$ cat model.txt   # compact mmCIF, C-alpha atoms and all ligand atoms
# COMPACT_ATOMS: atom_id res chain seq x y z
CA MET H 11 0.00 0.00 0.00
CA TRP H 12 1.10 3.61 -0.55
CA TYR H 13 1.82 4.28 3.10
CA ASN H 14 4.25 1.36 3.40
CA LYS H 15 6.76 2.91 1.00
CA ALA H 16 9.98 4.52 2.30
CA MET H 17 9.48 8.08 3.49
CA LYS H 18 11.33 10.97 1.86
CA GLY H 19 12.72 14.16 3.41
CA TYR H 20 14.90 17.13 2.43
CA LYS H 21 18.25 17.36 4.17
CA VAL H 22 20.84 20.14 3.73
CA THR H 23 24.17 19.04 2.23
CA ASN H 24 27.64 20.49 2.86
CA THR H 25 27.35 22.65 -0.22
CA ALA H 26 24.03 24.43 0.55
CA GLN H 27 22.02 22.07 -1.62
CA LEU H 28 19.03 20.02 -0.59
CA GLU H 29 19.16 16.27 -0.93
CA LEU H 30 16.00 14.14 -0.94
CA ILE H 31 16.83 11.21 1.36
CA GLU H 32 14.82 8.07 2.14
CA MET H 33 13.97 6.74 5.60
CA SER H 34 12.41 3.57 6.92
CA SER H 35 8.74 3.87 7.78
CA VAL H 36 8.27 1.37 10.60
CA VAL H 37 5.75 2.49 13.24
CA LEU H 38 6.93 1.47 16.75
CA SER H 39 5.12 1.35 20.09
CA GLY H 40 3.53 4.71 21.01
CA GLN H 41 4.03 6.09 17.52
CA VAL H 42 1.76 7.45 14.80
CA LYS H 43 2.43 7.79 11.07
CA ILE H 44 1.33 11.07 9.54
CA LYS H 45 0.93 12.01 5.90
CA VAL H 46 2.25 15.57 5.72
CA ASN H 47 -0.16 18.14 4.21
CA ARG H 48 1.60 21.47 4.86
CA ILE H 49 5.02 22.56 6.15
CA GLY H 50 5.87 26.19 6.97
CA LEU H 51 9.45 27.18 6.15
CA SER H 52 10.95 28.94 9.18
CA ARG H 53 13.83 31.31 9.72
CA ASP H 54 15.82 28.41 11.18
CA ASP H 55 15.35 26.47 7.92
CA ILE H 56 16.74 29.36 5.89
CA PHE H 57 19.63 29.73 8.37
CA SER H 58 20.49 26.02 8.21
CA TYR H 59 20.40 26.10 4.42
CA SER H 60 22.61 29.17 4.12
CA ASN H 61 25.10 27.98 6.79
CA PRO H 62 25.91 24.45 5.63
CA GLN H 63 28.81 24.17 8.09
CA GLN H 64 26.18 23.56 10.80
CA ASP H 65 25.10 20.01 11.71
CA LYS H 66 22.88 18.52 9.00
CA PHE H 67 19.27 17.67 9.63
CA ILE H 68 16.09 17.29 7.65
CA LEU H 69 14.57 20.79 7.59
CA GLY H 70 11.04 21.80 8.53
CA ARG H 71 9.45 22.79 11.82
CA GLN H 72 5.80 23.79 11.34
CA CYS H 73 4.00 20.69 10.13
CA VAL H 74 0.33 19.79 9.60
CA GLY H 75 -0.82 16.36 8.47
CA LEU H 76 -3.23 13.46 8.54
CA VAL H 77 -2.88 10.35 10.71
CA VAL H 78 -2.64 7.30 8.40
CA GLU H 79 -1.44 4.62 10.83
CA THR H 80 -1.14 4.15 14.60
CA ALA H 81 0.72 1.60 16.73
CA ASP H 82 -1.59 -0.87 18.49
CA ASP H 83 -0.99 0.78 21.88
CA VAL H 84 -1.96 4.31 20.71
CA THR H 85 -5.47 5.09 21.87
CA ASN H 86 -5.70 8.90 21.67
CA PHE H 87 -5.44 9.23 17.87
CA GLU H 88 -6.93 7.31 14.97
CA ARG H 89 -6.63 7.15 11.22
CA GLY H 90 -8.10 10.26 9.57
CA ASN H 91 -7.33 12.67 12.45
CA ARG H 92 -5.81 15.96 11.29
CA VAL H 93 -2.94 17.06 13.56
CA ILE H 94 -0.05 19.44 14.03
CA ILE H 95 3.24 18.03 15.26
CA ASN H 96 4.93 19.74 18.20
CA PRO H 97 8.41 20.71 16.94
CA PHE H 98 9.79 21.25 20.48
CA LEU H 99 10.73 17.85 21.80
CA SER H 100 11.54 17.76 25.52
CA CYS H 101 13.78 14.92 26.75
CA GLN H 102 11.25 13.58 29.34
CA GLN H 103 14.19 12.74 31.62
CA CYS H 104 15.85 15.90 32.98
CA SER H 105 14.80 17.40 36.34
CA GLU H 106 12.57 20.04 34.67
CA CYS H 107 10.83 17.47 32.45
CA ARG H 108 10.24 15.21 35.44
CA GLN H 109 8.46 18.10 37.18
CA GLY H 110 6.24 18.68 34.15
CA ASN H 111 8.16 21.73 32.88
CA GLY H 112 9.02 20.47 29.40
CA ASN H 113 9.22 24.13 28.26
CA LEU H 114 12.33 24.48 30.47
CA CYS H 115 13.90 21.17 29.34
CA ASN H 116 17.69 21.17 29.70
CA ASP H 117 18.06 19.20 26.47
CA LEU H 118 15.30 20.55 24.25
CA GLN H 119 15.37 19.32 20.67
CA ILE H 120 13.91 21.54 17.96
CA ALA H 121 12.77 19.93 14.73
CA GLY H 122 14.85 21.09 11.78
CA LYS H 123 17.36 22.84 14.03
CA ASN H 124 19.11 20.27 16.24
CA THR H 125 17.12 17.17 15.30
CA ASP H 126 15.44 16.00 12.08
CA GLY H 127 12.48 18.16 11.05
CA TYR H 128 9.30 17.53 9.11
CA LEU H 129 10.01 18.64 5.54
CA ARG H 130 9.03 15.14 4.38
CA ASP H 131 6.16 13.34 2.71
CA PHE H 132 5.43 11.26 5.84
CA VAL H 133 6.49 11.68 9.49
CA ILE H 134 6.53 9.10 12.27
CA SER H 135 6.03 10.80 15.64
CA ASN H 136 5.34 9.81 19.21
CA SER H 137 1.62 10.39 19.80
CA ARG H 138 2.38 12.66 22.78
CA ASN H 139 3.77 15.24 20.33
CA LEU H 140 0.54 15.60 18.36
CA TYR H 141 -2.29 18.12 18.70
CA LEU H 142 -5.68 17.40 17.16
CA LEU H 143 -6.97 20.15 14.83
CA PRO H 144 -10.64 21.17 14.70
CA GLU H 145 -12.30 21.37 11.29
CA ASN H 146 -12.43 25.17 11.26
CA VAL H 147 -8.64 25.55 11.34
CA SER H 148 -7.34 25.04 7.80
CA ASP H 149 -4.01 23.33 7.13
CA SER H 150 -2.43 26.65 6.15
CA GLU H 151 -3.76 28.41 9.27
CA ALA H 152 -2.44 25.60 11.47
CA VAL H 153 1.11 26.35 10.28
CA PHE H 154 0.85 29.45 12.53
CA VAL H 155 -0.02 27.64 15.79
CA GLU H 156 3.60 27.96 16.92
CA HIS H 157 3.65 31.76 16.36
CA THR H 158 0.29 32.18 18.09
CA ALA H 159 1.49 30.10 21.05
CA ARG H 160 4.57 32.29 21.42
CA ALA H 161 2.48 35.48 21.25
CA LEU H 162 0.19 34.09 24.00
CA ALA H 163 3.19 33.27 26.19
CA ILE H 164 4.38 36.89 25.80
CA ILE H 165 0.97 38.25 26.87
CA HIS H 166 1.00 35.99 29.95
CA LYS H 167 4.43 37.28 31.00
CA MET H 168 3.25 40.89 30.79
CA ASP H 169 0.26 40.63 33.13
CA MET H 170 -1.46 43.18 30.86
CA GLN H 171 -4.44 45.17 32.19
CA LYS H 172 -7.34 46.53 30.10
CA GLY H 173 -6.36 49.84 28.49
CA ASP H 174 -2.62 49.18 28.84
CA HIS H 175 -0.33 50.16 25.98
CA ILE H 176 2.03 47.61 24.53
CA VAL H 177 4.89 48.68 22.32
CA ILE H 178 5.74 45.82 19.96
CA ILE H 179 9.16 46.25 18.40
CA GLY H 180 9.24 44.20 15.21
CA ALA H 181 6.20 43.57 12.96
CA SER H 182 7.21 39.94 12.52
CA ILE H 183 4.52 37.24 12.33
CA VAL H 184 4.69 36.82 16.13
CA GLY H 185 4.62 40.61 16.56
CA LEU H 186 1.54 40.96 14.35
CA ILE H 187 -0.27 38.08 16.08
CA LEU H 188 0.66 39.59 19.46
CA ALA H 189 -0.90 42.90 18.36
CA GLN H 190 -4.14 41.08 17.48
CA LEU H 191 -4.18 39.42 20.91
CA VAL H 192 -3.54 42.76 22.65
CA ILE H 193 -6.64 44.20 20.93
CA TYR H 194 -8.62 41.08 21.93
CA TYR H 195 -7.61 41.61 25.58
CA GLN H 196 -8.59 45.31 25.29
CA GLY H 197 -5.08 46.72 25.30
CA VAL H 198 -3.58 49.20 22.83
CA PRO H 199 -0.77 47.92 20.59
CA ILE H 200 1.85 50.28 19.15
CA ILE H 201 3.95 48.52 16.54
CA ILE H 202 7.41 49.68 15.39
CA ASP H 203 9.29 48.41 12.34
CA ALA H 204 11.17 49.79 9.34
CA ARG H 205 9.45 47.51 6.78
CA GLU H 206 6.55 49.43 5.22
CA SER H 207 4.96 46.23 3.86
CA HIS H 208 4.80 44.78 7.39
CA LEU H 209 3.39 48.03 8.82
CA GLU H 210 0.73 47.94 6.09
CA MET H 211 -0.21 44.42 7.20
CA ALA H 212 -0.55 45.79 10.74
CA SER H 213 -2.87 48.58 9.54
CA LYS H 214 -5.01 46.07 7.64
CA LEU H 215 -5.34 44.03 10.86
CA GLY H 216 -6.85 47.06 12.62
CA ILE H 217 -3.73 48.17 14.50
CA CYS H 218 -4.09 51.97 14.65
CA TYR H 219 -0.61 52.92 15.84
CA THR H 220 2.25 51.92 13.54
CA ILE H 221 5.60 53.70 13.54
CA ASN H 222 8.37 53.47 10.94
CA HIS H 223 11.43 54.12 13.11
CA ILE H 224 13.56 55.13 10.12
CA LYS H 225 11.10 57.79 8.96
CA SER H 226 10.05 59.16 12.33
CA GLU H 227 11.12 59.27 15.97
CA PRO H 228 9.18 56.65 17.98
CA TYR H 229 9.83 58.37 21.33
CA LYS H 230 7.87 61.51 20.42
CA LYS H 231 5.01 59.53 18.89
CA ILE H 232 4.73 57.26 21.95
CA ILE H 233 4.66 60.33 24.24
CA SER H 234 1.68 61.63 22.30
CA ILE H 235 -0.12 58.23 22.02
CA THR H 236 0.24 57.52 25.77
CA GLY H 237 -0.46 61.07 26.96
CA GLY H 238 3.12 61.38 28.21
CA ARG H 239 3.00 58.27 30.44
CA MET H 240 4.94 56.00 28.04
CA SER H 241 4.04 52.34 27.62
CA GLU H 242 3.23 49.94 30.45
CA ASN H 243 4.58 47.00 28.41
CA LEU H 244 7.03 46.33 25.62
CA ALA H 245 7.80 43.20 23.60
CA LEU H 246 11.08 43.08 21.71
CA MET H 247 11.24 40.74 18.71
CA GLY H 248 14.73 39.49 17.94
CA SER H 249 14.46 40.30 14.24
CA SER H 250 13.66 43.99 14.79
CA GLY H 251 17.21 45.33 14.65
CA ILE H 252 16.42 47.70 17.57
CA SER H 253 18.48 47.15 20.72
CA LEU H 254 17.07 46.51 24.17
CA PHE H 255 18.90 49.66 25.33
CA ASN H 256 17.02 51.87 22.85
CA SER H 257 13.71 50.08 23.49
CA LEU H 258 13.81 51.03 27.18
CA ASN H 259 13.12 54.68 26.24
CA TYR H 260 9.56 53.72 25.32
CA VAL H 261 8.61 52.03 28.64
CA LYS H 262 7.30 53.77 31.76
CA ARG H 263 8.90 53.33 35.17
CA GLY H 264 7.85 50.03 36.71
CA GLY H 265 6.82 48.67 33.28
CA ASN H 266 7.29 45.19 31.83
CA VAL H 267 9.67 44.24 29.04
CA VAL H 268 9.53 40.83 27.36
CA ILE H 269 12.40 39.69 25.17
CA ALA H 270 10.36 37.66 22.74
CA ASP H 271 12.93 35.40 21.18
CA ALA H 272 16.59 34.73 21.41
CA TYR H 273 17.61 35.49 17.83
CA ASN H 274 19.97 38.13 16.59
CA TYR H 275 20.82 39.78 19.89
CA LYS H 276 24.08 41.65 19.74
CA ASP H 277 26.53 42.35 22.55
CA ASN H 278 25.69 46.05 22.51
CA ASP H 279 23.00 45.88 25.17
CA SER H 280 25.22 46.07 28.27
CA GLY H 281 24.13 49.68 28.85
CA ALA H 282 20.57 48.43 29.34
CA VAL H 283 21.16 47.01 32.83
CA PRO H 284 21.55 50.35 34.72
CA VAL H 285 18.44 51.70 32.94
CA ILE H 286 16.41 48.58 33.85
CA ALA H 287 17.49 48.98 37.49
CA GLU H 288 16.89 52.73 37.63
CA LYS H 289 13.44 52.53 36.01
CA GLN H 290 12.53 49.42 38.05
CA ILE H 291 11.54 47.57 34.91
CA SER H 292 10.57 43.90 35.13
CA LEU H 293 12.43 41.96 32.45
CA HIS H 294 11.05 38.65 31.14
CA SER H 295 11.82 36.34 28.26
CA VAL H 296 9.88 33.90 26.10
CA SER H 297 11.49 31.48 23.70
CA TYR H 298 8.87 29.14 22.30
CA GLY H 299 5.45 29.18 24.00
CA ILE H 300 5.50 25.38 24.23
CA LYS H 301 2.72 25.25 26.83
CA GLN H 302 0.34 27.38 24.78
CA PHE H 303 -0.28 25.16 21.74
CA MET H 304 -3.83 24.13 22.74
CA PRO H 305 -5.17 27.66 23.44
CA ALA H 306 -3.37 28.85 20.30
CA ILE H 307 -5.34 26.33 18.20
CA ASN H 308 -8.53 27.68 19.80
CA LEU H 309 -7.65 31.30 18.96
CA LEU H 310 -7.11 30.32 15.32
CA ALA H 311 -10.35 28.29 15.28
CA ASN H 312 -12.50 31.18 16.53
CA LYS H 313 -10.68 33.67 14.24
CA THR H 314 -9.46 35.88 17.09
CA VAL H 315 -6.12 35.52 15.34
CA VAL H 316 -6.15 35.97 11.55
CA VAL H 317 -3.08 34.73 9.67
CA SER H 318 -4.00 34.43 5.98
CA GLN H 319 -2.17 37.64 5.05
CA PHE H 320 1.17 36.20 6.21
CA VAL H 321 1.33 33.54 3.50
CA SER H 322 3.70 34.90 0.82
CA GLN H 323 3.56 31.83 -1.39
CA GLU H 324 2.56 28.17 -1.43
CA ILE H 325 4.86 25.78 -3.31
CA GLU H 326 4.75 22.07 -4.11
CA PHE H 327 6.96 19.52 -2.31
CA GLU H 328 8.89 18.84 -5.54
CA GLN H 329 9.71 22.56 -5.94
CA VAL H 330 11.51 22.83 -2.59
CA PRO H 331 15.18 22.66 -3.78
CA GLU H 332 14.66 25.15 -6.59
CA PHE H 333 12.69 27.45 -4.28
CA PHE H 334 15.35 27.48 -1.53
CA ALA H 335 17.89 28.71 -4.07
CA LYS H 336 15.43 31.46 -5.07
CA ILE H 337 14.66 32.51 -1.48
CA MET H 338 18.36 33.15 -0.87
CA GLU H 339 18.40 35.82 -3.57
CA ASN H 340 16.07 37.97 -1.47
CA PRO H 341 15.02 36.36 1.83
CA LEU H 342 13.28 39.54 3.07
CA GLU H 343 10.76 39.31 0.21
CA TYR H 344 8.96 36.44 1.94
CA VAL H 345 6.93 36.50 5.13
CA LYS H 346 5.92 32.81 5.24
CA VAL H 347 6.38 30.21 2.52
CA ILE H 348 4.26 27.06 2.86
CA VAL H 349 5.12 23.76 1.21
CA LYS H 350 2.14 21.65 0.05
CA ASN H 351 2.46 17.89 -0.10
CA LYS H 352 -0.10 16.15 -2.28
ZN ZN Z 1 14.12 17.55 29.65
$ encode --input "model.txt" --output "structure tokens" --more "lines below"
Ligand SMILES: [Zn+2]
Amino acid sequence: MWYNKAMKGYKVTNTAQLELIEMSSVVLSGQVKIKVNRIGLSRDDIFSYSNPQQDKFILGRQCVGLVVETADDVTNFERGNRVIINPFLSCQQCSECRQGNGNLCNDLQIAGKNTDGYLRDFVISNSRNLYLLPENVSDSEAVFVEHTARALAIIHKMDMQKGDHIVIIGASIVGLILAQLVIYYQGVPIIIDARESHLEMASKLGICYTINHIKSEPYKKIISITGGRMSENLALMGSSGISLFNSLNYVKRGGNVVIADAYNYKDNDSGAVPVIAEKQISLHSVSYGIKQFMPAINLLANKTVVVSQFVSQEIEFEQVPEFFAKIMENPLEYVKVIVKNK
């Protein structure tokens, strides 16, 4: 039968090429076989491809598919279930995992980054790493569960009150989903970025306050938006290119700052510490939002979070190698590329 054939997946080679490799497709105890429907290409995938000196893994982190086979001892999923696969695989053995804090795992494996990812035609996964999708979340929407989960984790760190301002530095996908959640929780998002196309997406999503920090001075605008109080909360996206030190200008005394991911931070933020102390700012960080996958699925199902505008392009599984070469010519042109597997 078709699902007993060897599985195929794209792995990066030493020379920044993609090689389609074959894997065995035996389903062991506790495991489920999934036919992949959609894979979102992430920033880590592009990084792995363009830095072939890194360890080599099959790419692909955001994966949606259909259960086609289950081991006899799997009772929580059955053939025909549509699922997303958790890309953050905790070790289940370290002290944090044993206390139920898999999000703080000392040996966290991330699909496509430090273990094999899901850019394949079929995936075999432990059933504990699967989340069932309701009918009203499409395959393409489900690619954004991870981003929505991270945005939720940021909101929870802030302890936001109704009417609070939140400065979001970086109109990335997570930043734009966070802004939607802030509006849902009756806060006021202020989004800062230099990319006009991303600020336009923000405006289309109903975010009233967008600031291009190259064209205008955010500090003065935030003074006027907040009536001189400055923002109660600030979330700093790693891809924004704005330092933590400069961000602190936009936060009121006693405010909250969340560093929203660990990417691209430079060593030029040492001056931030005295300002954080003097302004009595609470500093938090969020890496992945691992615990928020279930509520994130709900927010996509009830359309509190809208993601369709983030899809730059959908490509076929066979087009992946040619498309990776094309992405590298201008990576900033794409917000999210989704691979379809027939
Ligand atoms: Zn662990």
$ residues_near_ligand --input "model.txt" --ligand "ligand ZN 1 (chain Z)" --cutoff "7 Å" --atoms "only C-alpha atoms and all ligand atoms" --output "list in words"
Ser100, Cys101, Gln102, Gln103, Cys104, Ser105, Glu106, Cys107, Gly112, Cys115, Asn116, Asp117 and Leu118 of chain H
$ closest_residue --input "model.txt" --among "H:Ser250, H:Thr125, H:Val315, H:Val46" --to "Val192 (chain H)" --atoms "all atoms listed in the file"
H:Val315
$ residues_around --input "model.txt" --residues "Ile183 (chain H)" --least-positions-apart "6" --cutoff "12 Å" --atoms "all atoms listed in the file" --output "ChimeraX atom specification"
/H:52-53,153-161,189-190,208-209,211-212,247-250,270,315-322,344-346
$ residues_around --input "model.txt" --residues "Gly265 (chain H)" --least-positions-apart "5" --cutoff "6 Å" --atoms "only C-alpha atoms" --output "VMD selection string"
chain H and resid 242 to 243 291
$ closest_residue --input "model.txt" --among "H:Asn47, H:Ala121, H:Ile348, H:Ser39" --to "Asp82 (chain H)" --atoms "only C-alpha atoms"
H:Ser39
$ closest_residue --input "model.txt" --among "H:Tyr260, H:Phe333, H:Tyr219, H:Phe255" --to "Ala282 (chain H)" --atoms "only C-alpha atoms"
H:Phe255
$ closest_residue --input "model.txt" --among "H:Val198, H:Val93, H:Ala335, H:Val267" --to "Lys167 (chain H)" --atoms "only C-alpha atoms"
H:Val267
$ atom_distance --input "model.txt" --atom1 "CA of Gln171 (chain H)" --atom2 "CA of Asn222 (chain H)"
26.2 Å
$ atom_distance --input "model.txt" --atom1 "CA of Leu162 (chain H)" --atom2 "CA of Leu186 (chain H)"
11.9 Å
$ residues_around --input "model.txt" --residues "region 175-178 of chain H" --least-positions-apart "2" --cutoff "7 Å" --atoms "only C-alpha atoms" --output "PyMOL selection string"
chain H and resi 173+180+185+197-202+241-246
$ atom_distance --input "model.txt" --atom1 "CA of Gln302 (chain H)" --atom2 "CA of Tyr195 (chain H)"
16.3 Å
$ closest_residue --input "model.txt" --among "H:Pro228, H:Pro144, H:Pro341, H:Gly251" --to "Leu310 (chain H)" --atoms "all atoms listed in the file"
H:Pro144
$ decode --input "model.txt" --residues "region 312-340 of chain H" --atoms "N, CA and C atoms" --output "PDB file, in the first residue's frame"
ATOM      1  N   ASN H 312     -11.415  30.191  16.405  1.00  0.00           N
ATOM      2  CA  ASN H 312     -12.498  31.182  16.529  1.00  0.00           C
ATOM      3  C   ASN H 312     -12.173  32.508  15.836  1.00  0.00           C
ATOM      4  N   LYS H 313     -11.084  32.529  15.081  1.00  0.00           N
ATOM      5  CA  LYS H 313     -10.683  33.670  14.240  1.00  0.00           C
ATOM      6  C   LYS H 313     -10.355  34.927  15.051  1.00  0.00           C
ATOM      7  N   THR H 314     -10.022  34.752  16.331  1.00  0.00           N
ATOM      8  CA  THR H 314      -9.463  35.880  17.094  1.00  0.00           C
ATOM      9  C   THR H 314      -8.130  36.285  16.465  1.00  0.00           C
ATOM     10  N   VAL H 315      -7.395  35.286  16.034  1.00  0.00           N
ATOM     11  CA  VAL H 315      -6.124  35.522  15.343  1.00  0.00           C
ATOM     12  C   VAL H 315      -6.308  35.175  13.869  1.00  0.00           C
ATOM     13  N   VAL H 316      -6.009  36.150  13.001  1.00  0.00           N
ATOM     14  CA  VAL H 316      -6.150  35.973  11.554  1.00  0.00           C
ATOM     15  C   VAL H 316      -4.755  35.941  10.948  1.00  0.00           C
ATOM     16  N   VAL H 317      -4.453  34.922  10.140  1.00  0.00           N
ATOM     17  CA  VAL H 317      -3.078  34.726   9.673  1.00  0.00           C
ATOM     18  C   VAL H 317      -2.932  34.658   8.149  1.00  0.00           C
ATOM     19  N   SER H 318      -4.070  34.696   7.426  1.00  0.00           N
ATOM     20  CA  SER H 318      -3.999  34.426   5.978  1.00  0.00           C
ATOM     21  C   SER H 318      -3.077  35.405   5.240  1.00  0.00           C
ATOM     22  N   GLN H 319      -2.980  36.638   5.746  1.00  0.00           N
ATOM     23  CA  GLN H 319      -2.165  37.641   5.047  1.00  0.00           C
ATOM     24  C   GLN H 319      -0.663  37.377   5.169  1.00  0.00           C
ATOM     25  N   PHE H 320      -0.261  36.460   6.041  1.00  0.00           N
ATOM     26  CA  PHE H 320       1.173  36.205   6.212  1.00  0.00           C
ATOM     27  C   PHE H 320       1.729  35.239   5.168  1.00  0.00           C
ATOM     28  N   VAL H 321       0.855  34.551   4.444  1.00  0.00           N
ATOM     29  CA  VAL H 321       1.334  33.539   3.498  1.00  0.00           C
ATOM     30  C   VAL H 321       1.812  34.241   2.220  1.00  0.00           C
ATOM     31  N   SER H 322       3.133  34.251   2.016  1.00  0.00           N
ATOM     32  CA  SER H 322       3.697  34.901   0.821  1.00  0.00           C
ATOM     33  C   SER H 322       3.474  34.041  -0.406  1.00  0.00           C
ATOM     34  N   GLN H 323       3.613  32.732  -0.241  1.00  0.00           N
ATOM     35  CA  GLN H 323       3.558  31.831  -1.385  1.00  0.00           C
ATOM     36  C   GLN H 323       3.375  30.396  -0.902  1.00  0.00           C
ATOM     37  N   GLU H 324       2.638  29.607  -1.689  1.00  0.00           N
ATOM     38  CA  GLU H 324       2.565  28.166  -1.431  1.00  0.00           C
ATOM     39  C   GLU H 324       3.255  27.454  -2.585  1.00  0.00           C
ATOM     40  N   ILE H 325       4.140  26.515  -2.267  1.00  0.00           N
ATOM     41  CA  ILE H 325       4.862  25.783  -3.315  1.00  0.00           C
ATOM     42  C   ILE H 325       4.626  24.285  -3.129  1.00  0.00           C
ATOM     43  N   GLU H 326       4.913  23.530  -4.180  1.00  0.00           N
ATOM     44  CA  GLU H 326       4.755  22.074  -4.111  1.00  0.00           C
ATOM     45  C   GLU H 326       6.016  21.447  -3.501  1.00  0.00           C
ATOM     46  N   PHE H 327       5.856  20.255  -2.944  1.00  0.00           N
ATOM     47  CA  PHE H 327       6.960  19.524  -2.305  1.00  0.00           C
ATOM     48  C   PHE H 327       8.143  19.359  -3.265  1.00  0.00           C
ATOM     49  N   GLU H 328       7.824  19.080  -4.548  1.00  0.00           N
ATOM     50  CA  GLU H 328       8.888  18.842  -5.541  1.00  0.00           C
ATOM     51  C   GLU H 328       9.655  20.124  -5.867  1.00  0.00           C
ATOM     52  N   GLN H 329       9.058  21.287  -5.594  1.00  0.00           N
ATOM     53  CA  GLN H 329       9.707  22.555  -5.945  1.00  0.00           C
ATOM     54  C   GLN H 329      10.668  23.050  -4.859  1.00  0.00           C
ATOM     55  N   VAL H 330      10.765  22.323  -3.750  1.00  0.00           N
ATOM     56  CA  VAL H 330      11.506  22.832  -2.587  1.00  0.00           C
ATOM     57  C   VAL H 330      12.967  23.201  -2.914  1.00  0.00           C
ATOM     58  N   PRO H 331      13.780  22.301  -3.552  1.00  0.00           N
ATOM     59  CA  PRO H 331      15.183  22.664  -3.783  1.00  0.00           C
ATOM     60  C   PRO H 331      15.333  23.925  -4.631  1.00  0.00           C
ATOM     61  N   GLU H 332      14.569  23.994  -5.691  1.00  0.00           N
ATOM     62  CA  GLU H 332      14.660  25.152  -6.591  1.00  0.00           C
ATOM     63  C   GLU H 332      14.216  26.422  -5.845  1.00  0.00           C
ATOM     64  N   PHE H 333      13.216  26.277  -4.964  1.00  0.00           N
ATOM     65  CA  PHE H 333      12.694  27.450  -4.279  1.00  0.00           C
ATOM     66  C   PHE H 333      13.657  27.960  -3.207  1.00  0.00           C
ATOM     67  N   PHE H 334      14.363  27.037  -2.522  1.00  0.00           N
ATOM     68  CA  PHE H 334      15.346  27.479  -1.526  1.00  0.00           C
ATOM     69  C   PHE H 334      16.423  28.341  -2.182  1.00  0.00           C
ATOM     70  N   ALA H 335      16.880  27.921  -3.355  1.00  0.00           N
ATOM     71  CA  ALA H 335      17.886  28.706  -4.066  1.00  0.00           C
ATOM     72  C   ALA H 335      17.338  30.103  -4.365  1.00  0.00           C
ATOM     73  N   LYS H 336      16.066  30.177  -4.729  1.00  0.00           N
ATOM     74  CA  LYS H 336      15.435  31.460  -5.071  1.00  0.00           C
ATOM     75  C   LYS H 336      15.241  32.348  -3.820  1.00  0.00           C
ATOM     76  N   ILE H 337      14.853  31.736  -2.710  1.00  0.00           N
ATOM     77  CA  ILE H 337      14.661  32.513  -1.478  1.00  0.00           C
ATOM     78  C   ILE H 337      15.953  33.241  -1.104  1.00  0.00           C
ATOM     79  N   MET H 338      17.090  32.559  -1.302  1.00  0.00           N
ATOM     80  CA  MET H 338      18.355  33.146  -0.866  1.00  0.00           C
ATOM     81  C   MET H 338      18.703  34.418  -1.627  1.00  0.00           C
ATOM     82  N   GLU H 339      18.127  34.588  -2.814  1.00  0.00           N
ATOM     83  CA  GLU H 339      18.403  35.818  -3.573  1.00  0.00           C
ATOM     84  C   GLU H 339      17.823  37.031  -2.848  1.00  0.00           C
ATOM     85  N   ASN H 340      16.688  36.858  -2.187  1.00  0.00           N
ATOM     86  CA  ASN H 340      16.074  37.967  -1.465  1.00  0.00           C
ATOM     87  C   ASN H 340      15.174  37.446  -0.343  1.00  0.00           C
TER      88      ASN H 340
END
